[in-house]
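Text of the file structure-v6.txt, holding compact mmCIF, C-alpha atoms (C1' of nucleotides):
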```
# COMPACT_ATOMS: atom_id res chain seq x y z
CA MET Z 1 23.69 -5.92 -4.36
CA SER Z 2 23.47 -5.78 -8.19
CA GLY Z 3 25.82 -7.58 -10.57
CA LYS Z 4 26.56 -8.78 -14.06
CA GLN Z 5 25.26 -12.30 -13.75
CA ARG Z 6 21.99 -13.22 -15.40
CA MET Z 7 18.89 -12.39 -13.49
CA THR Z 8 16.54 -14.80 -11.76
CA ARG Z 9 13.15 -14.36 -10.17
CA GLU Z 10 14.82 -15.09 -6.85
CA ARG Z 11 17.20 -12.16 -7.14
CA TRP Z 12 14.35 -9.80 -7.95
CA ILE Z 13 12.48 -11.09 -4.92
CA ALA Z 14 15.48 -10.80 -2.63
CA THR Z 15 16.20 -7.26 -3.79
CA ALA Z 16 12.57 -6.27 -3.34
CA PHE Z 17 12.68 -7.50 0.25
CA GLU Z 18 15.88 -5.62 0.96
CA LEU Z 19 14.41 -2.41 -0.34
CA LEU Z 20 11.14 -2.95 1.49
CA LEU Z 21 12.96 -3.40 4.78
CA LEU Z 22 15.30 -0.49 4.25
CA GLU Z 23 13.00 2.11 2.74
CA GLY Z 24 9.40 1.13 3.30
CA PRO Z 25 6.46 0.05 1.19
CA LYS Z 26 6.54 2.90 -1.33
CA VAL Z 27 9.77 1.59 -2.72
CA ILE Z 28 8.44 -1.55 -4.38
CA ARG Z 29 8.24 -0.06 -7.84
CA VAL Z 30 9.50 -1.38 -11.11
CA ASP Z 31 11.91 1.35 -12.03
CA ARG Z 32 13.21 1.63 -8.49
CA LEU Z 33 14.16 -2.04 -8.55
CA CYS Z 34 15.67 -1.63 -12.01
CA THR Z 35 17.99 1.20 -11.05
CA GLU Z 36 18.98 -0.77 -7.95
CA LEU Z 37 19.96 -3.70 -10.16
CA THR Z 38 21.12 -1.64 -13.14
CA LEU Z 39 18.68 -3.31 -15.46
CA THR Z 40 15.84 -2.06 -17.63
CA LYS Z 41 12.16 -2.58 -17.12
CA GLY Z 42 11.97 -5.07 -19.95
CA SER Z 43 14.06 -7.42 -17.86
CA PHE Z 44 11.65 -7.17 -14.99
CA TYR Z 45 8.71 -7.91 -17.27
CA TRP Z 46 10.43 -10.93 -18.69
CA HIS Z 47 10.50 -12.46 -15.19
CA PHE Z 48 7.16 -11.20 -13.88
CA LYS Z 49 3.82 -10.55 -15.49
CA ASP Z 50 3.43 -7.35 -13.51
CA LEU Z 51 4.12 -5.74 -10.13
CA ALA Z 52 1.34 -7.70 -8.47
CA ALA Z 53 3.06 -10.91 -9.59
CA LEU Z 54 6.26 -9.83 -7.87
CA LYS Z 55 4.40 -9.09 -4.65
CA SER Z 56 2.61 -12.40 -4.87
CA ALA Z 57 5.94 -14.17 -5.35
CA MET Z 58 7.37 -12.30 -2.36
CA VAL Z 59 4.51 -13.58 -0.25
CA SER Z 60 5.01 -17.15 -1.44
CA HIS Z 61 8.66 -16.86 -0.51
CA TRP Z 62 7.84 -15.41 2.90
CA ARG Z 63 5.35 -18.22 3.40
CA GLN Z 64 8.02 -20.86 2.72
CA VAL Z 65 10.34 -19.25 5.22
CA THR Z 66 7.82 -18.95 8.03
CA ARG Z 67 6.64 -22.48 7.29
CA SER Z 68 10.10 -23.97 7.63
CA GLU Z 69 10.78 -21.96 10.77
CA LEU Z 70 7.63 -23.41 12.28
CA ILE Z 71 8.53 -26.94 11.27
CA SER Z 72 12.05 -26.71 12.61
CA SER Z 73 10.78 -25.49 15.96
CA ALA Z 74 8.01 -28.10 16.03
CA THR Z 75 10.53 -30.88 15.56
CA ALA Z 76 12.95 -29.60 18.20
CA ASP Z 77 12.98 -32.47 20.66
CA GLY Z 78 12.93 -32.26 24.40
CA GLN Z 79 11.34 -28.82 24.65
CA SER Z 80 8.29 -28.17 26.76
CA PRO Z 81 5.23 -26.60 25.11
CA ARG Z 82 5.96 -23.54 27.14
CA ASP Z 83 9.48 -23.23 25.72
CA LEU Z 84 8.31 -23.79 22.16
CA VAL Z 85 5.69 -21.10 22.42
CA LEU Z 86 8.07 -18.73 24.15
CA LYS Z 87 10.59 -19.19 21.36
CA LEU Z 88 7.96 -18.18 18.79
CA PHE Z 89 7.20 -15.03 20.71
CA GLU Z 90 10.82 -14.10 21.15
CA ALA Z 91 11.39 -14.48 17.44
CA ALA Z 92 8.45 -12.20 16.74
CA SER Z 93 9.22 -9.45 19.20
CA LEU Z 94 12.91 -9.35 19.99
CA ARG Z 95 14.52 -7.40 17.21
CA GLN Z 96 17.12 -4.73 17.47
CA PRO Z 97 15.67 -1.24 17.77
CA GLY Z 98 15.06 0.43 14.44
CA ASP Z 99 15.03 -2.90 12.67
CA HIS Z 100 11.86 -2.54 10.71
CA ALA Z 101 12.59 -5.75 8.87
CA ALA Z 102 9.98 -8.35 9.64
CA THR Z 103 7.72 -5.55 10.77
CA MET Z 104 7.50 -4.07 7.31
CA ALA Z 105 7.16 -7.45 5.65
CA SER Z 106 4.35 -8.49 7.92
CA ILE Z 107 2.42 -5.28 7.45
CA ALA Z 108 2.97 -5.08 3.71
CA ILE Z 109 1.83 -8.66 3.23
CA ARG Z 110 -1.41 -8.09 5.09
CA HIS Z 111 -1.96 -4.94 3.09
CA TRP Z 112 -1.40 -6.67 -0.23
CA ALA Z 113 -3.78 -9.41 0.84
CA GLY Z 114 -6.55 -6.83 0.70
CA ALA Z 115 -6.03 -6.45 -3.03
CA ASP Z 116 -4.98 -9.92 -4.16
CA PRO Z 117 -6.80 -13.22 -3.48
CA ALA Z 118 -3.64 -15.26 -4.10
CA VAL Z 119 -1.84 -13.33 -1.39
CA ARG Z 120 -4.85 -13.67 0.85
CA ARG Z 121 -4.70 -17.47 0.48
CA ASP Z 122 -1.00 -17.70 1.28
CA LEU Z 123 -1.46 -15.50 4.29
CA ALA Z 124 -4.45 -17.46 5.58
CA ASP Z 125 -2.48 -20.69 5.12
CA ALA Z 126 0.44 -19.33 7.11
CA ASP Z 127 -1.85 -18.04 9.86
CA ASN Z 128 -3.69 -21.35 10.09
CA GLU Z 129 -0.48 -23.31 10.22
CA ARG Z 130 0.82 -21.32 13.14
CA LEU Z 131 -2.57 -21.50 14.81
CA ALA Z 132 -2.53 -25.28 14.53
CA PHE Z 133 0.93 -25.40 16.05
CA LEU Z 134 -0.13 -23.22 18.96
CA THR Z 135 -3.26 -25.28 19.50
CA THR Z 136 -1.17 -28.41 19.70
CA GLN Z 137 1.12 -26.87 22.28
CA ILE Z 138 -1.72 -25.63 24.42
CA ARG Z 139 -3.37 -29.03 24.32
CA ALA Z 140 -0.06 -30.52 25.37
CA ALA Z 141 -0.05 -28.07 28.27
CA GLY Z 142 -3.27 -29.59 29.52
CA TRP Z 143 -6.07 -27.66 27.87
CA SER Z 144 -8.48 -29.48 25.67
CA GLY Z 145 -10.82 -28.89 22.79
CA ALA Z 146 -12.43 -25.55 22.15
CA GLU Z 147 -10.64 -23.75 24.97
CA ALA Z 148 -7.23 -24.72 23.61
CA ARG Z 149 -8.20 -23.44 20.20
CA SER Z 150 -9.56 -20.22 21.65
CA ARG Z 151 -6.38 -19.56 23.58
CA ALA Z 152 -4.27 -20.44 20.58
CA SER Z 153 -6.06 -17.94 18.37
CA PHE Z 154 -5.52 -15.31 21.02
CA LEU Z 155 -1.81 -16.08 21.10
CA ASN Z 156 -1.72 -16.03 17.33
CA ALA Z 157 -3.31 -12.58 17.29
CA ALA Z 158 -0.74 -11.42 19.82
CA LEU Z 159 2.05 -12.72 17.58
CA ILE Z 160 0.68 -10.75 14.65
CA GLY Z 161 0.51 -7.63 16.77
CA LEU Z 162 4.01 -8.12 18.15
CA GLU Z 163 5.48 -8.60 14.68
CA GLN Z 164 4.05 -5.25 13.72
CA LEU Z 165 5.21 -3.53 16.89
CA ALA Z 166 8.69 -5.01 16.76
CA GLY Z 167 10.11 -1.64 15.74
CA GLU Z 168 8.70 -0.02 18.91
CA PRO Z 169 10.42 -1.60 21.91
CA ALA Z 170 8.51 0.68 24.29
CA GLN Z 171 5.32 -1.14 23.32
CA THR Z 172 6.47 -4.73 23.59
CA PRO Z 173 6.20 -6.89 26.72
CA THR Z 174 9.25 -7.00 28.95
CA ASN Z 175 8.24 -10.30 30.50
CA LEU Z 176 7.12 -12.68 27.79
CA SER Z 177 7.40 -15.75 30.00
CA GLY Z 178 4.93 -14.18 32.39
CA VAL Z 179 2.17 -13.80 29.84
CA ILE Z 180 2.82 -17.16 28.27
CA ASP Z 181 2.70 -18.91 31.59
CA ALA Z 182 -0.56 -17.14 32.30
CA MET Z 183 -2.02 -18.45 29.06
CA LEU Z 184 -0.73 -22.01 29.33
CA ALA Z 185 -1.06 -22.67 33.06
CA PRO Z 186 -4.09 -24.68 34.09
CA LYS Z 187 -6.80 -22.80 35.94
CA ALA Z 188 -6.03 -22.42 39.64
CA GLY Z 189 -7.70 -25.35 41.40
CA SER Z 190 -8.78 -27.32 38.33
CA GLN Z 191 -7.73 -30.31 36.21
CA ALA Z 192 -4.06 -30.67 35.29
CA MET L 193 -23.09 8.77 -1.63
CA SER L 194 -22.21 11.79 -3.83
CA GLY L 195 -24.29 14.96 -4.17
CA LYS L 196 -24.57 18.52 -5.36
CA GLN L 197 -23.60 20.29 -2.15
CA ARG L 198 -20.21 21.90 -1.87
CA MET L 199 -17.37 19.67 -0.95
CA THR L 200 -15.54 19.53 2.36
CA ARG L 201 -12.43 17.73 3.48
CA GLU L 202 -14.68 15.64 5.71
CA ARG L 203 -16.72 14.31 2.81
CA TRP L 204 -13.58 13.32 0.91
CA ILE L 205 -12.33 11.53 4.00
CA ALA L 206 -15.63 9.76 4.60
CA THR L 207 -15.86 8.64 0.99
CA ALA L 208 -12.29 7.41 1.04
CA PHE L 209 -13.05 5.29 4.10
CA GLU L 210 -16.18 3.85 2.48
CA LEU L 211 -14.26 2.86 -0.61
CA LEU L 212 -11.38 1.45 1.42
CA LEU L 213 -13.72 -0.76 3.38
CA LEU L 214 -15.71 -1.90 0.37
CA GLU L 215 -12.99 -2.42 -2.20
CA GLY L 216 -9.64 -2.56 -0.52
CA PRO L 217 -6.48 -0.47 -0.41
CA LYS L 218 -5.92 -0.15 -4.17
CA VAL L 219 -8.99 2.01 -4.44
CA ILE L 220 -7.66 5.08 -2.67
CA ARG L 221 -6.79 6.95 -5.83
CA VAL L 222 -7.61 10.47 -6.86
CA ASP L 223 -9.63 9.77 -9.97
CA ARG L 224 -11.44 6.86 -8.35
CA LEU L 225 -12.66 9.18 -5.61
CA CYS L 226 -13.56 11.82 -8.18
CA THR L 227 -15.77 9.56 -10.28
CA GLU L 228 -17.38 8.33 -7.06
CA LEU L 229 -18.25 11.91 -6.15
CA THR L 230 -18.73 13.17 -9.73
CA LEU L 231 -16.11 15.82 -9.32
CA THR L 232 -12.88 16.57 -11.11
CA LYS L 233 -9.37 16.18 -9.81
CA GLY L 234 -8.94 19.92 -9.43
CA SER L 235 -11.52 19.82 -6.67
CA PHE L 236 -9.57 17.18 -4.82
CA TYR L 237 -6.39 19.21 -5.09
CA TRP L 238 -8.09 22.27 -3.76
CA HIS L 239 -8.85 20.39 -0.52
CA PHE L 240 -5.67 18.34 -0.25
CA LYS L 241 -2.09 18.95 -1.16
CA ASP L 242 -1.74 15.43 -2.51
CA LEU L 243 -2.84 11.85 -1.95
CA ALA L 244 -0.53 11.46 1.02
CA ALA L 245 -2.30 14.40 2.67
CA LEU L 246 -5.63 12.64 2.29
CA LYS L 247 -4.26 9.48 3.86
CA SER L 248 -2.74 11.47 6.65
CA ALA L 249 -6.09 13.19 7.26
CA MET L 250 -7.82 9.81 7.26
CA VAL L 251 -5.45 8.65 9.96
CA SER L 252 -6.04 11.78 12.05
CA HIS L 253 -9.76 11.16 11.77
CA TRP L 254 -9.37 7.51 12.72
CA ARG L 255 -7.25 8.58 15.65
CA GLN L 256 -9.99 10.92 16.92
CA VAL L 257 -12.55 8.15 16.72
CA THR L 258 -10.50 5.53 18.52
CA ARG L 259 -9.52 8.14 21.08
CA SER L 260 -13.10 9.05 21.90
CA GLU L 261 -14.10 5.38 22.02
CA LEU L 262 -11.38 4.80 24.56
CA ILE L 263 -12.40 7.79 26.65
CA SER L 264 -16.06 6.86 26.67
CA SER L 265 -15.24 3.37 27.84
CA ALA L 266 -12.74 4.64 30.41
CA THR L 267 -15.38 6.89 31.93
CA ALA L 268 -18.08 4.23 32.07
CA ASP L 269 -18.76 3.99 35.77
CA GLY L 270 -19.27 0.88 37.79
CA GLN L 271 -17.50 -1.50 35.45
CA SER L 272 -14.82 -3.84 36.64
CA PRO L 273 -11.40 -3.71 34.93
CA ARG L 274 -12.22 -7.12 33.55
CA ASP L 275 -15.40 -5.86 31.90
CA LEU L 276 -13.73 -2.78 30.47
CA VAL L 277 -10.96 -4.81 28.90
CA LEU L 278 -13.39 -7.40 27.62
CA LYS L 279 -15.44 -4.70 25.96
CA LEU L 280 -12.35 -3.48 24.09
CA PHE L 281 -11.66 -6.94 22.82
CA GLU L 282 -15.21 -7.56 21.74
CA ALA L 283 -15.20 -4.32 19.80
CA ALA L 284 -12.00 -5.37 18.05
CA SER L 285 -12.92 -8.92 17.15
CA LEU L 286 -16.68 -9.30 16.94
CA ARG L 287 -17.65 -8.10 13.49
CA GLN L 288 -20.03 -9.67 11.08
CA PRO L 289 -18.37 -12.14 8.72
CA GLY L 290 -17.08 -10.55 5.55
CA ASP L 291 -17.04 -7.15 7.19
CA HIS L 292 -13.55 -6.07 6.31
CA ALA L 293 -14.25 -2.63 7.67
CA ALA L 294 -12.02 -1.90 10.62
CA THR L 295 -9.74 -4.66 9.41
CA MET L 296 -8.84 -2.79 6.26
CA ALA L 297 -8.51 0.52 8.06
CA SER L 298 -6.20 -0.92 10.67
CA ILE L 299 -3.97 -2.62 8.13
CA ALA L 300 -3.89 0.30 5.73
CA ILE L 301 -2.98 2.73 8.49
CA ARG L 302 -0.06 0.64 9.65
CA HIS L 303 1.08 0.31 6.05
CA TRP L 304 0.93 4.05 5.42
CA ALA L 305 2.86 4.63 8.62
CA GLY L 306 5.81 2.95 6.93
CA ALA L 307 5.93 5.74 4.38
CA ASP L 308 4.83 8.82 6.32
CA PRO L 309 6.22 10.09 9.64
CA ALA L 310 3.05 12.07 10.41
CA VAL L 311 0.99 8.90 10.14
CA ARG L 312 3.56 7.09 12.21
CA ARG L 313 3.16 9.65 14.99
CA ASP L 314 -0.64 9.45 15.05
CA LEU L 315 -0.49 5.69 15.10
CA ALA L 316 2.07 5.58 17.90
CA ASP L 317 -0.05 8.04 19.89
CA ALA L 318 -3.14 5.87 19.49
CA ASP L 319 -1.22 2.73 20.42
CA ASN L 320 0.27 4.37 23.48
CA GLU L 321 -3.07 5.71 24.62
CA ARG L 322 -4.65 2.30 24.50
CA LEU L 323 -1.61 0.80 26.17
CA ALA L 324 -1.92 3.30 29.03
CA PHE L 325 -5.59 2.44 29.43
CA LEU L 326 -4.85 -1.28 29.55
CA THR L 327 -2.04 -0.74 32.02
CA THR L 328 -4.38 1.15 34.31
CA GLN L 329 -6.94 -1.64 34.18
CA ILE L 330 -4.39 -4.32 34.90
CA ARG L 331 -3.04 -2.35 37.83
CA ALA L 332 -6.60 -2.03 39.09
CA ALA L 333 -6.86 -5.79 38.81
CA GLY L 334 -4.04 -6.15 41.28
CA TRP L 335 -0.85 -6.23 39.24
CA SER L 336 1.72 -3.59 39.82
CA GLY L 337 4.56 -1.84 38.09
CA ALA L 338 6.51 -3.45 35.30
CA GLU L 339 4.44 -6.62 35.19
CA ALA L 340 1.23 -4.68 34.61
CA ARG L 341 2.87 -2.81 31.79
CA SER L 342 4.23 -6.00 30.28
CA ARG L 343 0.84 -7.68 30.35
CA ALA L 344 -0.82 -4.56 28.96
CA SER L 345 1.51 -4.45 25.99
CA PHE L 346 0.78 -8.09 25.33
CA LEU L 347 -2.96 -7.38 25.37
CA ASN L 348 -2.41 -4.40 23.13
CA ALA L 349 -0.56 -6.56 20.62
CA ALA L 350 -3.41 -9.06 20.74
CA LEU L 351 -5.88 -6.27 20.02
CA ILE L 352 -3.90 -5.23 16.97
CA GLY L 353 -3.83 -8.79 15.73
CA LEU L 354 -7.53 -9.31 16.36
CA GLU L 355 -8.44 -6.14 14.49
CA GLN L 356 -6.61 -7.47 11.49
CA LEU L 357 -8.12 -10.94 11.77
CA ALA L 358 -11.64 -9.67 12.29
CA GLY L 359 -12.61 -10.76 8.79
CA GLU L 360 -11.60 -14.37 9.56
CA PRO L 361 -13.91 -15.67 12.27
CA ALA L 362 -12.23 -19.08 12.14
CA GLN L 363 -9.10 -17.49 13.55
CA THR L 364 -10.56 -15.46 16.40
CA PRO L 365 -11.00 -16.70 19.97
CA THR L 366 -14.38 -18.14 20.86
CA ASN L 367 -13.90 -17.49 24.55
CA LEU L 368 -12.55 -14.00 25.06
CA SER L 369 -13.46 -13.91 28.75
CA GLY L 370 -11.30 -16.96 29.28
CA VAL L 371 -8.13 -15.39 27.96
CA ILE L 372 -8.79 -12.07 29.63
CA ASP L 373 -9.37 -13.68 32.98
CA ALA L 374 -6.14 -15.59 32.51
CA MET L 375 -4.27 -12.34 31.91
CA LEU L 376 -5.88 -10.34 34.70
CA ALA L 377 -6.24 -12.92 37.43
CA PRO L 378 -3.60 -12.79 40.16
CA LYS L 379 -1.08 -15.59 40.19
CA ALA L 380 -2.41 -18.70 41.94
CA GLY L 381 -1.35 -18.41 45.56
CA SER L 382 0.04 -14.87 45.52
CA GLN L 383 -0.91 -11.32 46.50
CA ALA L 384 -4.41 -10.06 45.69
C1' DA O 385 -14.26 29.97 -1.82
C1' DC O 386 -14.66 26.13 -4.73
C1' DC O 387 -14.49 23.90 -9.07
C1' DT O 388 -13.53 22.74 -14.30
C1' DG O 389 -10.62 21.33 -18.01
C1' DA O 390 -6.65 20.86 -20.11
C1' DA O 391 -1.74 20.20 -19.74
C1' DC O 392 2.20 17.85 -17.98
C1' DA O 393 4.98 14.24 -15.50
C1' DC O 394 5.72 9.89 -13.72
C1' DC O 395 5.80 5.23 -13.85
C1' DG O 396 3.55 0.64 -15.12
C1' DT O 397 3.19 -2.20 -19.18
C1' DT O 398 4.05 -3.80 -24.01
C1' DC O 399 6.82 -5.17 -27.67
C1' DA O 400 9.96 -5.49 -31.59
C1' DA O 401 14.60 -6.04 -31.93
C1' DG O 402 19.04 -7.48 -30.12
C1' DT O 403 22.51 -11.16 -27.94
C1' DA F 404 16.73 -17.57 -22.73
C1' DC F 405 17.31 -13.01 -21.30
C1' DC F 406 17.68 -8.19 -22.07
C1' DT F 407 17.46 -3.24 -24.32
C1' DG F 408 15.09 0.81 -25.80
C1' DA F 409 11.47 3.10 -27.26
C1' DA F 410 6.53 3.61 -27.29
C1' DC F 411 2.17 3.91 -25.04
C1' DA F 412 -1.25 4.30 -21.16
C1' DC F 413 -2.59 5.51 -16.76
C1' DC F 414 -3.02 8.41 -13.14
C1' DG F 415 -0.95 11.96 -9.86
C1' DT F 416 -0.21 16.87 -9.88
C1' DT F 417 -0.43 21.76 -11.53
C1' DC F 418 -2.67 25.73 -13.02
C1' DA F 419 -5.19 29.29 -15.53
C1' DA F 420 -9.73 30.23 -16.02
C1' DG F 421 -14.51 30.03 -14.53
C1' DT F 422 -18.60 30.71 -10.89
```

Target encoding structure tokens, full file:
Amino acid sequence: MSGKQRMTRERWIATAFELLLLEGPKVIRVDRLCTELTLTKGSFYWHFKDLAALKSAMVSHWRQVTRSELISSATADGQSPRDLVLKLFEAASLRQPGDHAATMASIAIRHWAGADPAVRRDLADADNERLAFLTTQIRAAGWSGAEARSRASFLNAALIGLEQLAGEPAQTPTNLSGVIDAMLAPKAGSQA
Amino acid sequence: MSGKQRMTRERWIATAFELLLLEGPKVIRVDRLCTELTLTKGSFYWHFKDLAALKSAMVSHWRQVTRSELISSATADGQSPRDLVLKLFEAASLRQPGDHAATMASIAIRHWAGADPAVRRDLADADNERLAFLTTQIRAAGWSGAEARSRASFLNAALIGLEQLAGEPAQTPTNLSGVIDAMLAPKAGSQA
DNA sequence: ACCTGAACACCGTTCAAGT
DNA sequence: ACCTGAACACCGTTCAAGT
């Protein structure tokens, strides 16, 4: 995990994520990262202005990843809206038990957003991007206008909740298709 | 906000919540609370073992409040399951713009849970209690067994997400009844 | 019982000096 | 360009002494 090669911002960021996922939010501290990488604090402060800058960079990185995941699923041809949405939900909720990974990242990022406007912007961008994707899919399923948007923001909220519950399998839905069908299916006895 | 009366754990907790809601998670620090209350740190450490103990006490308090809210709504007579569930969702998502109140509390609590098993227990208890309530309502709406539980955990996840998005009205559903009806209504052409 | 004030410890941050 | 090592500052924590 450490090494003798020269350091880059990316390696600091990657290490910070590893520690966050393994040991929780308390662990993102300068000297903790330094002992992990067998470096001194001066090295850290050459790459980052301060701890907040590292966190901000972690969020930017996370934002890139979620963005490209969204794009790759949006461009997957030949999938029904239902399947695309379902895939998003499976990614958010189906993790191995005890895997606090994305759970911790998601929670930490929303927490940091409360103290840092730059983080808040990245997070809002990511949320809006996913919301737009969901809205598109629900429109494609036959809903239009405000109702599609309303349902999409509900699904988006559910995704946020599921990401944070991913470590607790007892609290996650056993039948994701069921709820997604319920949200996408046209009203009984109404327009297609 | 401060005063000359003797201090109690409850006043520390209340002040900590006020600061959290007004100024974000960074503000829960011993000397920040002390200047707010014109007291010295020794006073804080007479009431609490350390900062983690304050946070833990905040979570216990929050847990009491959410618990009693749930009970009072569960015992409201003459309301349909639909109305009871809707009321929960309105409470979670309809806050005045810029009111980061419950938003910050919800996020902070989930963040602290990552570092403190006692917090994690309180949080899991609260989640499970709400999940049980939702499951009951969905059963009452005509769904049975595993499917009711699955739908309830989806609704619970949505509630968590909505609590955290409450500060961003652009991202919350405009038609909550619509999504709730979709989740509670029996399948088109199936058992009641 | 509850609080003050000073001491100490830890860790974030800076910086001059090294390669 | 990238890092070390030591210094400093901030804030969490302790504790003897006060009321």

- Select, from O:DC392, O:DT397, O:DG402, O:DC387, the residue with the minimum atom-to-atom distance to chain L, counting all atoms listed in the file.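 The closest residue to chain L is O:DC387.
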
- Neighbour list for Gly334 in chain L as JSON, numbers by chain, cut-off 12 Å, only C-alpha atoms (C1' of nucleotides), skip fewer than 3 positions in-chain: {"L": [272, 273, 274, 327, 328, 329, 330, 331, 337, 339, 340, 375, 376, 377, 378, 379, 382, 383, 384]}

With a cut-off of 7 Å, could you pull out the residues of chain L touching chain O and give me the nearest pair of atoms for each, distance in Å to one decimal, using only C-alpha atoms (C1' of nucleotides), ordered by chain and ascending number, as a tab-separated table?
```
residue	atom	partner	partner_atom	distance
L:Thr232	CA	O:DT388	C1'	7.0
L:Gly234	CA	O:DC387	C1'	6.8
L:Ser235	CA	O:DC387	C1'	5.6
```

- Message: Please check the contacts: residues of chain L at most 8 Å away from chain Z, using all atoms listed in the file, listed as an NGL selection string.
- Response: :L and (216-218 or 296 or 299-300 or 302-303 or 306-307 or 320 or 323 or 338-339 or 341-354 or 357 or 363-368 or 370-371 or 374-375 or 380)

Output the selection as a JSON list (two decimals), in the frame of the given file - C-alpha atoms for each residue.
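Below is the file that was written, result38.json:
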```json
[["chain", "number", "residue", "atom", "x", "y", "z"],
["L", 216, "GLY", "CA", -9.64, -2.56, -0.52],
["L", 217, "PRO", "CA", -6.48, -0.47, -0.41],
["L", 218, "LYS", "CA", -5.92, -0.15, -4.17],
["L", 296, "MET", "CA", -8.84, -2.79, 6.26],
["L", 299, "ILE", "CA", -3.97, -2.62, 8.13],
["L", 300, "ALA", "CA", -3.89, 0.30, 5.73],
["L", 302, "ARG", "CA", -0.06, 0.64, 9.65],
["L", 303, "HIS", "CA", 1.08, 0.31, 6.05],
["L", 306, "GLY", "CA", 5.81, 2.95, 6.93],
["L", 307, "ALA", "CA", 5.93, 5.74, 4.38],
["L", 320, "ASN", "CA", 0.27, 4.37, 23.48],
["L", 323, "LEU", "CA", -1.61, 0.80, 26.17],
["L", 338, "ALA", "CA", 6.51, -3.45, 35.30],
["L", 339, "GLU", "CA", 4.44, -6.62, 35.19],
["L", 341, "ARG", "CA", 2.87, -2.81, 31.79],
["L", 342, "SER", "CA", 4.23, -6.00, 30.28],
["L", 343, "ARG", "CA", 0.84, -7.68, 30.35],
["L", 344, "ALA", "CA", -0.82, -4.56, 28.96],
["L", 345, "SER", "CA", 1.51, -4.45, 25.99],
["L", 346, "PHE", "CA", 0.78, -8.09, 25.33],
["L", 347, "LEU", "CA", -2.96, -7.38, 25.37],
["L", 348, "ASN", "CA", -2.41, -4.40, 23.13],
["L", 349, "ALA", "CA", -0.56, -6.56, 20.62],
["L", 350, "ALA", "CA", -3.41, -9.06, 20.74],
["L", 351, "LEU", "CA", -5.88, -6.27, 20.02],
["L", 352, "ILE", "CA", -3.90, -5.23, 16.97],
["L", 353, "GLY", "CA", -3.83, -8.79, 15.73],
["L", 354, "LEU", "CA", -7.53, -9.31, 16.36],
["L", 357, "LEU", "CA", -8.12, -10.94, 11.77],
["L", 363, "GLN", "CA", -9.10, -17.49, 13.55],
["L", 364, "THR", "CA", -10.56, -15.46, 16.40],
["L", 365, "PRO", "CA", -11.00, -16.70, 19.97],
["L", 366, "THR", "CA", -14.38, -18.14, 20.86],
["L", 367, "ASN", "CA", -13.90, -17.49, 24.55],
["L", 368, "LEU", "CA", -12.55, -14.00, 25.06],
["L", 370, "GLY", "CA", -11.30, -16.96, 29.28],
["L", 371, "VAL", "CA", -8.13, -15.39, 27.96],
["L", 374, "ALA", "CA", -6.14, -15.59, 32.51],
["L", 375, "MET", "CA", -4.27, -12.34, 31.91],
["L", 380, "ALA", "CA", -2.41, -18.70, 41.94]]
```

- Note on the structure: The distance between CA of Glu202 in chain L and CA of Ser252 in chain L is 11.4 Å

- Work out how far apart CA of Glu261 in chain L and CA of Ala358 in chain L are and give it in Å to one decimal.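 The value is 18.1 Å.
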
- What separation in Å, quoted to one decimal, exists between CA of Leu246 in chain L and CA of Thr227 in chain L?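 Distance between the two atoms: 16.4 Å.
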
- Can you pull out every residue within 12 Å of Thr200 in chain L, counting all atoms listed in the file, but drop anything in the same chain fewer than 6 positions away, and send it as a list in words? Ser194, Ala206, Thr207, Leu229, Ser235, Phe236, Tyr237, Trp238, His239 and Phe240 of chain L; DA385 and DC386 of chain O

- Task: For Leu276 in chain L, please output as a PyMOL selection string all residues within 9 Å (counting all atoms listed in the file; exclusion window: fewer than 4 positions along the same chain).
- Result: chain L and resi 265-266+268+271-272+280-281+329
